[in-house]
Structures are given as C-alpha cells and as structure tokens.
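Step one of this worksheet: look at the structure below.
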Amino acid sequence: MSDALEKAEAAAREAAQNTADVAQIVAAVLATQQAQQQPAQPTPAPVRQRPYGLYVAAGIGGAVAVSFLAMAAALLAVAVAVGAVCATVCLLVLRSLLRDFQKGR
C-alpha cells in the first residue's frame with residue numbers, strides 16, 4: 001500500500017506542477033492578446049498658443065491714442081486759457097477807451 005500511496009503522491013505533485021504551468025501559460029497568452037487588442041494611442045492635438053503679440057500691439061496702440069488725446073485736450077485747455085486772457089485784456093482796454101470818450105478827452 002505504501003507503494004500505491006507514493007504513486008498517488010507523485011501524481012498529485014505532477015498534477016499541481018502541471019496546473020501551475022498551465023496557469024502561467026494562460027496568463028502569458030491573455031497578456032499577449034490584451035497587448036495586441038489595445039488601440040494605438042492617438043497623437044495629442046498640438047496646443048494652440050494665443051497670439052499675445054496682437055494683444056500687446058493693441059495695448060500699445062491704445063496707450064498711444066490715449067496719450068495723443070490727452071495732449072490734444074491739454075493743448076485745447078491752453079488755447080482756451082490764452083483766449084480768455086486776450087479777451088479780458090481787450091475788454092479792459094475798450095472799457096478804458098469808453099471812459100475816456102465819455103469824459104471828453
């Protein structure tokens with residue numbers, strides 16, 4: 001009986017070894033199939049960069065336009081002030097002449 005028991009143990013060991021080998025073979029086959037079935041990764045679309053140069057140019061152009069407008073407004077204010085001074089001097093001279101005519105000089 002001991003001989004039969006040894007044969008049974010050897011068969012059990014061989015079956016266990018065969019089971020482990022079969023499991024490794026199945027795992028390798030499944031991994032190969034999954035690697036072949038995975039779709040190719042799409043190439044990412046290139047990232048579009050914003051045209052910062054246009055924004056900078058618009059900012060500079062706006063600043064220049066505002067500075068020209070500010071200079072025009074300052075020049076207009078100076079012209080109005082000069083005109084007011086000239087009108088005041090003219091009125092004072094005319095008033096002085098009117099008084100002289102009224103006194104008979």
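Chain labels A, B, ... are given in the sequence in which chains occur in the structure tokens; within each chain residues are numbered consecutively from 1, and ligands are likewise numbered from 1 in the order shown.
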
> Using the chain letters and numbers from this document, which residues of chain A does DSSP assign to alpha helix (DSSP H), as a ChimeraX atom specification?
Replying inline: /A:2-37,52-103

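The two atoms in question, atom CA of A:Gln34 and atom CA of A:Gln17, are spaced 25.9 Å apart.
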
>> Report, in Å to a single decimal, how far apart atom CA of A:Val82 and atom CA of A:Arg99 are.
In response: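 Distance between the two atoms: 26.0 Å.
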